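What follows is the content of entry-v4.cif, which has mmCIF, C-alpha atoms:
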data_model
#
loop_
_atom_site.label_atom_id
_atom_site.label_comp_id
_atom_site.auth_asym_id
_atom_site.auth_seq_id
_atom_site.Cartn_x
_atom_site.Cartn_y
_atom_site.Cartn_z
CA MET A 1 44.44 -21.36 -30.83
CA LYS A 2 42.88 -21.57 -34.29
CA LYS A 3 39.17 -20.77 -34.54
CA ILE A 4 37.24 -23.53 -36.27
CA LEU A 5 34.15 -22.38 -38.18
CA LEU A 6 31.04 -24.29 -39.20
CA ALA A 7 31.44 -23.90 -42.97
CA THR A 8 33.20 -21.20 -44.99
CA PRO A 9 33.89 -20.53 -48.68
CA THR A 10 36.82 -22.30 -50.32
CA MET A 11 38.29 -20.46 -53.30
CA HIS A 12 40.60 -22.01 -55.88
CA GLY A 13 41.85 -19.30 -58.25
CA GLU A 14 39.74 -19.88 -61.35
CA GLU A 15 37.06 -17.65 -59.81
CA GLN A 16 39.40 -14.66 -60.03
CA GLN A 17 40.13 -15.34 -63.69
CA TYR A 18 36.45 -15.08 -64.59
CA ILE A 19 36.08 -11.96 -62.44
CA GLN A 20 39.11 -10.32 -64.05
CA GLU A 21 37.75 -11.04 -67.51
CA ALA A 22 34.48 -9.34 -66.52
CA PHE A 23 36.40 -6.26 -65.36
CA GLU A 24 38.55 -6.14 -68.48
CA THR A 25 35.48 -6.34 -70.74
CA ASN A 26 33.43 -3.96 -68.52
CA TRP A 27 30.65 -6.51 -67.93
CA ILE A 28 29.93 -5.18 -64.40
CA VAL A 29 26.17 -5.57 -64.68
CA PRO A 30 23.40 -8.10 -63.91
CA LEU A 31 23.84 -9.84 -67.27
CA GLY A 32 26.76 -10.87 -69.48
CA PRO A 33 28.87 -13.80 -70.68
CA ASN A 34 29.48 -15.25 -67.21
CA VAL A 35 25.76 -15.26 -66.41
CA ASP A 36 24.90 -16.96 -69.70
CA ALA A 37 27.67 -19.53 -69.30
CA PHE A 38 26.90 -20.23 -65.63
CA GLU A 39 23.26 -20.89 -66.50
CA ARG A 40 24.30 -23.38 -69.17
CA GLU A 41 26.90 -25.05 -66.94
CA ILE A 42 24.57 -25.50 -63.95
CA ALA A 43 21.80 -26.85 -66.19
CA SER A 44 24.25 -29.30 -67.74
CA TYR A 45 25.60 -30.39 -64.35
CA VAL A 46 22.19 -31.24 -62.86
CA GLY A 47 20.64 -32.47 -66.09
CA ALA A 48 18.02 -29.74 -66.49
CA PRO A 49 16.90 -28.27 -69.84
CA ALA A 50 17.71 -24.70 -68.73
CA SER A 51 18.34 -22.53 -65.68
CA ALA A 52 17.99 -18.92 -64.57
CA ALA A 53 20.81 -17.40 -62.47
CA LEU A 54 19.34 -15.17 -59.78
CA SER A 55 20.34 -12.97 -56.86
CA SER A 56 19.61 -15.56 -54.15
CA GLY A 57 18.07 -18.93 -53.48
CA THR A 58 15.16 -17.12 -51.83
CA ALA A 59 14.58 -15.12 -55.03
CA ALA A 60 14.57 -18.39 -56.97
CA LEU A 61 12.04 -19.89 -54.56
CA HIS A 62 9.84 -16.81 -54.81
CA LEU A 63 9.75 -17.08 -58.60
CA ALA A 64 9.07 -20.82 -58.33
CA VAL A 65 6.08 -20.09 -56.09
CA ILE A 66 4.79 -17.54 -58.62
CA LEU A 67 5.34 -19.90 -61.57
CA ALA A 68 3.46 -22.64 -59.69
CA GLY A 69 0.44 -20.33 -59.68
CA VAL A 70 0.26 -19.79 -55.91
CA LYS A 71 -2.13 -16.96 -55.05
CA GLU A 72 -3.44 -15.18 -51.98
CA ASN A 73 -5.14 -17.52 -49.47
CA ASP A 74 -3.94 -20.63 -51.31
CA THR A 75 -2.60 -23.52 -49.23
CA VAL A 76 0.99 -24.74 -49.71
CA PHE A 77 2.36 -27.90 -48.05
CA LEU A 78 5.99 -27.84 -46.93
CA PRO A 79 8.12 -29.46 -44.23
CA SER A 80 8.30 -27.93 -40.79
CA LEU A 81 11.95 -28.88 -40.27
CA THR A 82 13.62 -26.35 -42.54
CA PHE A 83 14.99 -22.81 -42.61
CA ALA A 84 12.55 -19.88 -42.72
CA ALA A 85 13.73 -19.00 -46.25
CA SER A 86 11.73 -22.00 -47.51
CA VAL A 87 8.50 -20.54 -46.12
CA ASN A 88 8.93 -16.81 -46.63
CA PRO A 89 8.29 -16.79 -50.42
CA VAL A 90 4.97 -18.54 -49.82
CA CYS A 91 4.06 -15.69 -47.47
CA TYR A 92 5.25 -13.06 -49.96
CA GLU A 93 2.32 -14.20 -52.13
CA LYS A 94 -0.02 -14.13 -49.09
CA ALA A 95 -0.59 -17.87 -49.30
CA VAL A 96 -1.03 -20.08 -46.23
CA PRO A 97 1.70 -22.56 -45.24
CA VAL A 98 0.69 -25.93 -43.83
CA PHE A 99 3.63 -27.65 -42.20
CA ILE A 100 4.36 -31.36 -42.58
CA ASP A 101 6.30 -33.44 -40.06
CA SER A 102 9.56 -35.23 -40.84
CA LYS A 103 10.44 -38.86 -41.44
CA ARG A 104 13.04 -40.22 -39.03
CA ASP A 105 15.16 -42.00 -41.62
CA THR A 106 15.82 -38.87 -43.73
CA TRP A 107 14.73 -35.93 -41.50
CA ASN A 108 12.77 -34.73 -44.55
CA MET A 109 9.06 -34.48 -45.33
CA ASP A 110 7.18 -37.61 -44.27
CA PRO A 111 5.11 -38.88 -47.23
CA ALA A 112 2.60 -40.43 -44.81
CA ALA A 113 2.04 -37.05 -43.16
CA LEU A 114 1.79 -35.48 -46.63
CA ARG A 115 -1.02 -37.87 -47.52
CA LYS A 116 -2.74 -36.97 -44.25
CA ALA A 117 -2.43 -33.28 -45.15
CA PHE A 118 -4.21 -33.93 -48.47
CA GLU A 119 -7.08 -35.53 -46.52
CA ARG A 120 -7.36 -32.37 -44.43
CA TYR A 121 -6.77 -29.91 -47.29
CA PRO A 122 -7.70 -31.62 -50.59
CA HIS A 123 -6.76 -28.76 -52.91
CA PRO A 124 -3.39 -27.17 -52.09
CA ALA A 125 -1.83 -24.91 -54.70
CA ALA A 126 1.61 -26.54 -54.40
CA VAL A 127 3.84 -28.87 -52.43
CA MET A 128 7.39 -27.86 -51.54
CA ALA A 129 9.94 -30.57 -50.70
CA VAL A 130 13.22 -29.63 -48.99
CA HIS A 131 16.42 -31.70 -49.06
CA LEU A 132 17.67 -30.96 -45.55
CA TYR A 133 21.41 -30.63 -44.87
CA GLY A 134 22.12 -32.14 -48.29
CA THR A 135 20.12 -35.37 -47.76
CA SER A 136 17.47 -36.19 -50.36
CA ALA A 137 13.83 -36.51 -49.43
CA ASP A 138 11.99 -39.66 -50.56
CA MET A 139 11.19 -38.32 -54.00
CA ASP A 140 9.52 -41.43 -55.41
CA GLU A 141 6.70 -41.21 -52.89
CA ILE A 142 6.45 -37.42 -52.86
CA CYS A 143 6.35 -37.20 -56.66
CA SER A 144 3.76 -39.97 -56.80
CA ILE A 145 1.51 -38.17 -54.30
CA CYS A 146 1.79 -34.87 -56.19
CA LYS A 147 1.04 -36.59 -59.50
CA GLU A 148 -1.95 -38.40 -57.98
CA HIS A 149 -3.41 -35.07 -56.83
CA GLN A 150 -2.19 -33.11 -59.87
CA VAL A 151 -0.43 -30.54 -57.69
CA PRO A 152 2.79 -28.71 -58.72
CA LEU A 153 5.94 -29.77 -56.87
CA ILE A 154 8.67 -27.28 -55.93
CA GLU A 155 12.04 -28.58 -54.73
CA ASP A 156 14.05 -26.47 -52.32
CA ALA A 157 17.46 -27.97 -53.06
CA ALA A 158 19.31 -24.96 -51.60
CA GLU A 159 21.43 -27.27 -49.44
CA SER A 160 21.67 -30.25 -51.78
CA LEU A 161 23.37 -29.24 -55.02
CA GLY A 162 25.21 -32.38 -56.15
CA THR A 163 23.01 -34.78 -54.16
CA ALA A 164 21.45 -37.54 -56.23
CA TYR A 165 18.40 -39.72 -55.57
CA ARG A 166 18.39 -42.98 -57.54
CA GLY A 167 20.99 -41.44 -59.83
CA LYS A 168 19.02 -38.26 -60.56
CA MET A 169 20.00 -34.87 -59.16
CA THR A 170 17.85 -33.27 -56.50
CA GLY A 171 16.06 -30.21 -57.81
CA THR A 172 15.16 -31.97 -61.08
CA PHE A 173 12.24 -34.12 -59.85
CA GLY A 174 9.68 -31.38 -59.41
CA ASP A 175 8.10 -28.88 -61.75
CA TYR A 176 10.53 -26.31 -60.30
CA GLY A 177 13.79 -26.59 -58.38
CA ILE A 178 16.16 -24.12 -56.78
CA TYR A 179 19.76 -24.02 -55.57
CA SER A 180 21.56 -21.58 -53.28
CA TYR A 181 25.14 -20.30 -53.48
CA ASN A 182 25.24 -18.58 -50.11
CA GLY A 183 28.68 -18.28 -48.49
CA ASN A 184 28.48 -21.58 -46.61
CA LYS A 185 26.96 -23.76 -49.36
CA ILE A 186 28.67 -26.59 -51.26
CA ILE A 187 29.75 -24.00 -53.85
CA THR A 188 29.36 -20.27 -53.36
CA THR A 189 29.06 -17.09 -55.36
CA SER A 190 28.99 -15.11 -52.06
CA GLY A 191 25.24 -14.98 -52.64
CA GLY A 192 23.02 -16.01 -55.50
CA GLY A 193 20.81 -18.84 -56.59
CA THR A 194 19.43 -20.75 -59.56
CA LEU A 195 15.95 -21.71 -60.69
CA ILE A 196 15.42 -24.71 -62.94
CA ALA A 197 12.15 -25.99 -64.36
CA ARG A 198 10.80 -28.95 -66.25
CA LYS A 199 9.65 -26.63 -69.04
CA THR A 200 12.09 -24.26 -70.74
CA GLU A 201 9.35 -21.65 -71.12
CA ASP A 202 9.05 -21.48 -67.32
CA VAL A 203 12.75 -20.62 -67.06
CA GLU A 204 12.24 -17.91 -69.68
CA ARG A 205 9.30 -16.59 -67.66
CA ALA A 206 11.48 -16.53 -64.54
CA ARG A 207 14.14 -14.51 -66.37
CA PHE A 208 11.46 -12.08 -67.56
CA LEU A 209 10.07 -11.60 -64.04
CA SER A 210 13.58 -11.23 -62.60
CA ARG A 211 14.27 -8.27 -64.93
CA GLN A 212 11.41 -6.12 -63.60
CA ALA A 213 9.00 -7.77 -66.09
CA ARG A 214 9.69 -5.26 -68.82
CA ASP A 215 7.54 -5.90 -71.89
CA PRO A 216 9.27 -6.24 -75.30
CA ALA A 217 8.52 -2.65 -76.28
CA ARG A 218 10.87 0.20 -77.20
CA HIS A 219 9.58 2.25 -74.29
CA TYR A 220 9.44 1.06 -70.68
CA GLN A 221 6.18 -0.86 -70.40
CA HIS A 222 5.10 -3.34 -67.72
CA SER A 223 2.00 -5.53 -67.78
CA VAL A 224 2.77 -7.52 -64.62
CA ILE A 225 4.74 -6.95 -61.42
CA GLY A 226 8.44 -7.74 -61.78
CA TYR A 227 11.46 -8.10 -59.53
CA ASN A 228 15.13 -7.15 -59.48
CA TYR A 229 16.36 -10.72 -59.04
CA ARG A 230 19.05 -11.16 -61.70
CA MET A 231 22.53 -12.40 -60.85
CA SER A 232 25.45 -10.11 -61.67
CA ASN A 233 28.15 -11.04 -64.17
CA ILE A 234 30.79 -10.75 -61.41
CA ILE A 235 29.00 -13.18 -59.08
CA ALA A 236 28.37 -15.60 -61.95
CA GLY A 237 32.11 -15.62 -62.61
CA ILE A 238 32.73 -16.79 -59.06
CA GLY A 239 30.14 -19.52 -59.59
CA ARG A 240 31.81 -20.74 -62.77
CA GLY A 241 35.13 -21.10 -60.99
CA GLN A 242 33.49 -22.87 -58.06
CA LEU A 243 31.56 -25.30 -60.23
CA LEU A 244 34.84 -26.67 -61.57
CA HIS A 245 35.54 -27.97 -58.05
CA ILE A 246 32.11 -29.15 -56.92
CA GLN A 247 32.96 -32.86 -56.94
CA GLU A 248 36.08 -32.17 -54.89
CA HIS A 249 33.97 -30.23 -52.37
CA ILE A 250 31.41 -33.03 -52.16
CA GLU A 251 34.05 -35.71 -51.60
CA LYS A 252 35.61 -33.69 -48.79
CA LYS A 253 32.20 -33.15 -47.17
CA GLN A 254 31.53 -36.89 -47.38
CA LYS A 255 34.91 -37.60 -45.80
CA ILE A 256 34.08 -35.27 -42.89
CA TYR A 257 30.80 -37.12 -42.29
CA ARG A 258 32.52 -40.52 -42.35
CA ARG A 259 35.21 -39.25 -39.97
CA TYR A 260 32.61 -38.19 -37.41
CA LYS A 261 30.59 -41.38 -37.82
CA GLU A 262 33.64 -43.58 -37.25
CA ALA A 263 34.85 -41.47 -34.33
CA PHE A 264 31.53 -41.73 -32.46
CA ALA A 265 30.65 -45.31 -33.44
CA ASP A 266 31.43 -46.63 -29.95
CA ILE A 267 29.24 -44.04 -28.17
CA PRO A 268 25.68 -45.42 -28.23
CA GLU A 269 24.22 -42.06 -27.19
CA ILE A 270 25.37 -40.39 -30.44
CA GLU A 271 23.66 -40.82 -33.80
CA MET A 272 24.75 -39.02 -36.95
CA ASN A 273 22.11 -37.51 -39.22
CA PRO A 274 20.68 -40.24 -41.47
CA LEU A 275 21.51 -40.43 -45.15
CA ASN A 276 19.02 -41.49 -47.79
CA LYS A 277 19.68 -45.16 -48.59
CA ASN A 278 18.52 -44.55 -52.17
CA GLY A 279 20.76 -41.55 -52.74
CA THR A 280 24.24 -40.12 -52.74
CA ASP A 281 24.26 -37.15 -50.40
CA ASN A 282 26.55 -34.14 -50.63
CA ASN A 283 26.81 -34.06 -46.81
CA TRP A 284 26.66 -30.27 -46.78
CA LEU A 285 26.53 -30.23 -42.98
CA SER A 286 27.31 -33.15 -40.68
CA CYS A 287 24.83 -33.25 -37.81
CA MET A 288 24.39 -35.41 -34.73
CA THR A 289 21.68 -36.17 -32.23
CA VAL A 290 22.00 -37.19 -28.60
CA CYS A 291 19.78 -40.11 -27.63
CA ALA A 292 16.80 -39.37 -25.41
CA GLY A 293 17.62 -39.87 -21.76
CA SER A 294 21.31 -39.08 -22.12
CA ARG A 295 22.83 -37.00 -19.34
CA VAL A 296 24.59 -35.02 -22.09
CA THR A 297 22.61 -32.32 -23.92
CA PRO A 298 23.24 -30.69 -27.30
CA GLU A 299 23.66 -27.38 -25.46
CA GLN A 300 26.39 -28.89 -23.31
CA ILE A 301 28.28 -30.06 -26.41
CA MET A 302 27.86 -26.72 -28.19
CA ASP A 303 29.02 -24.83 -25.10
CA ALA A 304 32.08 -27.04 -24.72
CA LEU A 305 33.03 -26.52 -28.36
CA ALA A 306 32.35 -22.78 -28.16
CA GLY A 307 34.69 -22.63 -25.17
CA ALA A 308 37.42 -23.96 -27.45
CA ASP A 309 36.58 -21.40 -30.17
CA ILE A 310 34.78 -23.98 -32.32
CA GLU A 311 31.56 -22.96 -34.06
CA THR A 312 28.46 -25.15 -34.13
CA ARG A 313 24.81 -24.54 -34.94
CA PRO A 314 21.53 -25.85 -33.54
CA ILE A 315 19.30 -27.91 -35.81
CA TRP A 316 16.73 -25.70 -37.56
CA LYS A 317 13.89 -24.86 -35.19
CA PRO A 318 10.74 -26.30 -36.80
CA MET A 319 8.56 -23.75 -38.51
CA HIS A 320 5.40 -24.77 -36.63
CA LEU A 321 7.17 -23.67 -33.43
CA GLN A 322 8.15 -20.26 -34.79
CA PRO A 323 6.21 -17.28 -33.37
CA VAL A 324 5.61 -15.83 -36.83
CA PHE A 325 3.89 -19.04 -37.98
CA LYS A 326 2.00 -19.91 -34.80
CA ALA A 327 -1.37 -19.68 -36.57
CA CYS A 328 -0.39 -22.21 -39.25
CA ASP A 329 -1.51 -25.84 -39.18
CA PHE A 330 0.91 -28.73 -38.61
CA VAL A 331 0.36 -32.32 -39.73
CA GLN A 332 2.08 -35.28 -38.10
CA VAL A 333 1.64 -39.05 -38.06
CA GLU A 334 3.34 -40.03 -34.81
CA LYS A 335 1.38 -39.17 -31.70
CA GLY A 336 2.86 -36.97 -29.01
CA LEU A 337 6.13 -35.16 -29.63
CA SER A 338 6.60 -34.60 -33.36
CA VAL A 339 9.60 -36.04 -35.18
CA SER A 340 10.76 -32.59 -36.26
CA GLU A 341 10.64 -31.20 -32.72
CA ASP A 342 12.40 -34.27 -31.35
CA ILE A 343 15.25 -33.84 -33.84
CA PHE A 344 15.45 -30.13 -33.01
CA ARG A 345 15.64 -30.81 -29.28
CA ARG A 346 18.32 -33.49 -29.52
CA GLY A 347 20.47 -32.31 -32.41
CA LEU A 348 23.26 -29.99 -33.45
CA CYS A 349 25.34 -29.26 -36.57
CA LEU A 350 29.04 -30.05 -36.31
CA PRO A 351 31.86 -28.09 -38.01
CA SER A 352 31.86 -29.17 -41.66
CA ASP A 353 34.38 -26.86 -43.32
CA ILE A 354 36.27 -28.67 -46.08
CA LYS A 355 39.43 -26.78 -45.11
CA ASN A 356 39.50 -28.45 -41.68
CA THR A 357 42.72 -30.38 -41.14
CA GLU A 358 43.05 -33.76 -39.46
CA GLU A 359 44.24 -31.91 -36.38
CA ASP A 360 41.10 -29.76 -36.46
CA MET A 361 38.94 -32.87 -36.68
CA LYS A 362 40.78 -34.55 -33.81
CA ARG A 363 40.27 -31.45 -31.66
CA ILE A 364 36.53 -31.34 -32.37
CA ILE A 365 36.07 -35.07 -31.82
CA GLN A 366 38.07 -35.09 -28.59
CA ILE A 367 35.90 -32.36 -27.07
CA VAL A 368 32.64 -34.08 -28.09
CA ARG A 369 33.82 -37.46 -26.78
CA ALA A 370 34.92 -35.89 -23.49
CA GLN A 371 31.30 -34.90 -22.73
CA PHE A 372 30.33 -38.58 -22.63
CA GLU A 373 33.28 -39.85 -20.60
CA GLY A 374 33.56 -40.14 -16.84
#
If you convert what's in this file into structure tokens, what do you get?
Amino acid sequence: MKKILLATPTMHGEEQQYIQEAFETNWIVPLGPNVDAFEREIASYVGAPASAALSSGTAALHLAVILAGVKENDTVFLPSLTFAASVNPVCYEKAVPVFIDSKRDTWNMDPAALRKAFERYPHPAAVMAVHLYGTSADMDEICSICKEHQVPLIEDAAESLGTAYRGKMTGTFGDYGIYSYNGNKIITTSGGGTLIARKTEDVERARFLSRQARDPARHYQHSVIGYNYRMSNIIAGIGRGQLLHIQEHIEKKQKIYRRYKEAFADIPEIEMNPLNKNGTDNNWLSCMTVCAGSRVTPEQIMDALAGADIETRPIWKPMHLQPVFKACDFVQVEKGLSVSEDIFRRGLCLPSDIKNTEEDMKRIIQIVRAQFEG
């Protein structure tokens, strides 16, 4: 029986053409025509003034943290319900994460909890918003709070390339934004990421830092610490081919979400992950939660699907529950069990590969439904 995976790359052919051109012209290095063109094409797609193509989304986030001026012992606010890659760059700079609880209607950073965090820590160095599973955070409120306190805003849009909030692309609201092209993302370069910024000079600074921060001298001279974070010309070629099909990928992801939502509409114990009512989400991963008190658990569903060779994934374990971050503060509004922990306990990510056939979807849905029958 066919193995069904959570999300895998989908290639189209144009990627190979750009790669072949790089081979034929011997641009097998971390710079070149594909890199330059990919930077222009991504910037144009999201509506940013410029972009820097980098080796990973994490590298892009690290440079965004540096550009935001985060230093040792500084405080940075960011959501608890996210992947560790959001937090790690803050720790690279020896800053202190303060985790913010989620809002139930988006699963993203709760602006009310963010305001509470400012009362507790009036002078953070930066705020990082994350657009979880491709759903936009409430950017009007988050941007307003950051502007009120004159604090830089970083957007981790690793999962939300192509998602719009009130007609504007995620990643373009803050002072800095990043995207990821990991193998399971909406488009992939096998790895890689992009940094965008409100100011073109910040993008230029990111490029400089990503090239080991070599000063413009004939000899090798360095006045600041640099990094080997540039994207290769080969990988950028894959990205250019993928970008031609991004809308197709998004539409297929949205169709998968709608298919699940319709299939489970008559099961009151199942809720699909919420979408932002003010946005158009890319539906990178379709997720579900099981209502509290149900006799069915997320583990039971995941085990049943695994028994049929179908891959799932738990919801991200909140960062304030991670052993490595146990000393960090956590800010919530609701009393008792936090929203982020509640979602983690009751949720799972469903297979969201755009190559899934209707038969694949029927197989997945049948197994999930069977857990609630009888």
Can you tell me which residues surround A:Glu21 at a distance of at most 12 Å, considering all atoms listed in the file, apart from same-chain residues fewer than 5 positions away, and format the answer as a compact mmCIF listing (two decimals) with C-alpha atoms, in the frame of the given file?
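Here's the written file part03.txt:
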# COMPACT_ATOMS: atom_id res chain seq x y z
CA GLU A 14 39.74 -19.88 -61.35
CA GLU A 15 37.06 -17.65 -59.81
CA GLN A 16 39.40 -14.66 -60.03
CA ASN A 26 33.43 -3.96 -68.52
CA TRP A 27 30.65 -6.51 -67.93
CA ILE A 28 29.93 -5.18 -64.40
CA GLY A 32 26.76 -10.87 -69.48
CA PRO A 33 28.87 -13.80 -70.68
CA ASN A 34 29.48 -15.25 -67.21
CA ASN A 233 28.15 -11.04 -64.17
CA ILE A 234 30.79 -10.75 -61.41
CA ALA A 236 28.37 -15.60 -61.95
CA GLY A 237 32.11 -15.62 -62.61
CA ILE A 238 32.73 -16.79 -59.06
Apply the PyMOL selection byres ((chain A and resi 8) around 12) to the file shown and report the selected residues as a compact mmCIF listing (two decimals) with C-alpha atoms, in the coordinates of the input.
# COMPACT_ATOMS: atom_id res chain seq x y z
CA ILE A 4 37.24 -23.53 -36.27
CA LEU A 5 34.15 -22.38 -38.18
CA LEU A 6 31.04 -24.29 -39.20
CA ALA A 7 31.44 -23.90 -42.97
CA PRO A 9 33.89 -20.53 -48.68
CA THR A 10 36.82 -22.30 -50.32
CA MET A 11 38.29 -20.46 -53.30
CA TYR A 181 25.14 -20.30 -53.48
CA ASN A 182 25.24 -18.58 -50.11
CA GLY A 183 28.68 -18.28 -48.49
CA ASN A 184 28.48 -21.58 -46.61
CA LYS A 185 26.96 -23.76 -49.36
CA ILE A 186 28.67 -26.59 -51.26
CA ILE A 187 29.75 -24.00 -53.85
CA THR A 188 29.36 -20.27 -53.36
CA THR A 189 29.06 -17.09 -55.36
CA SER A 190 28.99 -15.11 -52.06
CA HIS A 249 33.97 -30.23 -52.37
CA TRP A 284 26.66 -30.27 -46.78
CA LEU A 285 26.53 -30.23 -42.98
CA GLU A 311 31.56 -22.96 -34.06
CA PRO A 351 31.86 -28.09 -38.01
CA SER A 352 31.86 -29.17 -41.66
CA ASP A 353 34.38 -26.86 -43.32
CA ILE A 354 36.27 -28.67 -46.08
CA LYS A 355 39.43 -26.78 -45.11
CA ASN A 356 39.50 -28.45 -41.68
Step by step, work through what the PyMOL selection byres ((chain A and resi 270) around 9) selects in the shown file, and finish by giving those residues as a PyMOL selection string. chain A and resi 264-269+271-272+288-291
Around the point (13.0, -6.8, -60.2), in the coordinates given by the file, pick out the residues reaching within 7 Å, counting all atoms listed in the file, and return them as a PDB file with C-alpha atoms, keeping the file's coordinate frame.
ATOM      1  CA  LEU A 209      10.070 -11.600 -64.040  1.00  0.00           C
ATOM      2  CA  SER A 210      13.580 -11.230 -62.600  1.00  0.00           C
ATOM      3  CA  ARG A 211      14.270  -8.270 -64.930  1.00  0.00           C
ATOM      4  CA  GLN A 212      11.410  -6.120 -63.600  1.00  0.00           C
ATOM      5  CA  GLY A 226       8.440  -7.740 -61.780  1.00  0.00           C
ATOM      6  CA  TYR A 227      11.460  -8.100 -59.530  1.00  0.00           C
ATOM      7  CA  ASN A 228      15.130  -7.150 -59.480  1.00  0.00           C
ATOM      8  CA  TYR A 229      16.360 -10.720 -59.040  1.00  0.00           C
TER       9      TYR A 229
END
Report the residues retrieved by the PyMOL selection byres ((chain A and resi 372) around 9) from the displayed file, expressed as a short mmCIF file (atom, residue, chain, number, x, y, z; two decimals) with C-alpha atoms, keeping the file's coordinate frame.
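Once everything was written out, this is result-v1.cif:
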data_model
loop_
_atom_site.label_atom_id
_atom_site.label_comp_id
_atom_site.auth_asym_id
_atom_site.auth_seq_id
_atom_site.Cartn_x
_atom_site.Cartn_y
_atom_site.Cartn_z
CA ILE A 267 29.24 -44.04 -28.17
CA GLU A 269 24.22 -42.06 -27.19
CA ARG A 295 22.83 -37.00 -19.34
CA VAL A 296 24.59 -35.02 -22.09
CA VAL A 368 32.64 -34.08 -28.09
CA ARG A 369 33.82 -37.46 -26.78
CA ALA A 370 34.92 -35.89 -23.49
CA GLN A 371 31.30 -34.90 -22.73
CA GLU A 373 33.28 -39.85 -20.60
CA GLY A 374 33.56 -40.14 -16.84
#
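Note that the spacing between atom CA of A:Glu155 and atom CA of A:Ser340 amounts to 18.9 Å.
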Who sits within 9 Å of A:His123, all atoms listed in the file, same chain under 3 positions skipped, as a list in words: Asp74, Thr75, Phe118, Ala126, His149 and Val151 of chain A
Atom CA of A:Val96 to atom CA of A:Phe77, distance in Å rounded to a single decimal: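 Distance reported for this atom pair: 8.7 Å.
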Near stretch 91-94 of chain A, counting only C-alpha atoms, which residues have an atom at most 8 Å away, once you skip same-chain residues fewer than 2 positions from it, shown as a CSV table (one decimal) with C-alpha atoms, keeping the file's coordinate frame?
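As written to disk, around.csv reads:
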chain,number,residue,atom,x,y,z
A,62,HIS,CA,9.8,-16.8,-54.8
A,66,ILE,CA,4.8,-17.5,-58.6
A,70,VAL,CA,0.3,-19.8,-55.9
A,71,LYS,CA,-2.1,-17.0,-55.0
A,72,GLU,CA,-3.4,-15.2,-52.0
A,73,ASN,CA,-5.1,-17.5,-49.5
A,74,ASP,CA,-3.9,-20.6,-51.3
A,87,VAL,CA,8.5,-20.5,-46.1
A,88,ASN,CA,8.9,-16.8,-46.6
A,89,PRO,CA,8.3,-16.8,-50.4
A,96,VAL,CA,-1.0,-20.1,-46.2
A,97,PRO,CA,1.7,-22.6,-45.2
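Interatomic distance, atom CA of A:Ala53 to atom CA of A:Asp36: 8.3 Å.
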I'd like to know which of A:Ile256, A:Leu243, A:Cys349, A:Ile100 is closest to A:Val333, using all atoms listed in the file.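 Using all atoms listed in the file, the shortest distance to A:Val333 belongs to A:Ile100.
Minimum distance to A:Lys147 across A:Leu78, A:Val127, A:Val35, A:Leu275 (counting all atoms listed in the file) occurs at A:Val127.
Using only C-alpha atoms, the shortest contact distance between A:Ile196 and any of A:Glu39, A:Asp215, A:Asp105, A:Asp140 is found at A:Glu39.
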Best match for closeness to A:Met361 among A:Ala157, A:Ala197, A:Ala59, A:Glu262, counting all atoms listed in the file: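 Nearest to A:Met361: A:Glu262.
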Residues at most 9 Å from A:Glu299, counting all atoms listed in the file, excluding those fewer than 5 positions away in the same chain, as a ChimeraX atom specification? /A:304,314,348
If we count all atoms listed in the file, what is near A:Leu54 at a cut-off of 7 Å, once residues fewer than 5 positions away on the same chain are taken out, given as a ChimeraX atom specification? /A:59-60,192-194,229-231
Top pick for closest residue to A:Ala52, considering A:Ala64, A:Ala206, A:Ala95, A:Leu321 and counting only C-alpha atoms: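 Ranked by minimum distance to A:Ala52, first place goes to A:Ala206.
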Let me make sure I understand: among A:Gly241, A:Pro274, A:Pro79, A:Gly57, which one has the smallest atom-to-atom distance to A:Gly191 if we use only C-alpha atoms? A:Gly57
Any chance you could tabulate, as CSV, the residues of stretch 206-304 of chain A at most 10 Å from stretch 364-367 of chain A with each one's nearest atom pair and distance in Å to one decimal, using all atoms listed in the file, in chain and rising number order?
residue,atom,partner,partner_atom,distance
A:Arg259,CA,A:Ile365,CA,9.2
A:Tyr260,CA,A:Ile365,CA,7.3
A:Ala263,CA,A:Ile365,CA,7.0
A:Phe264,CA,A:Ile365,CA,8.1
A:Ile301,CA,A:Ile367,CA,8.0
A:Met302,CA,A:Ile367,CA,9.9
A:Ala304,CA,A:Ile367,CA,7.0
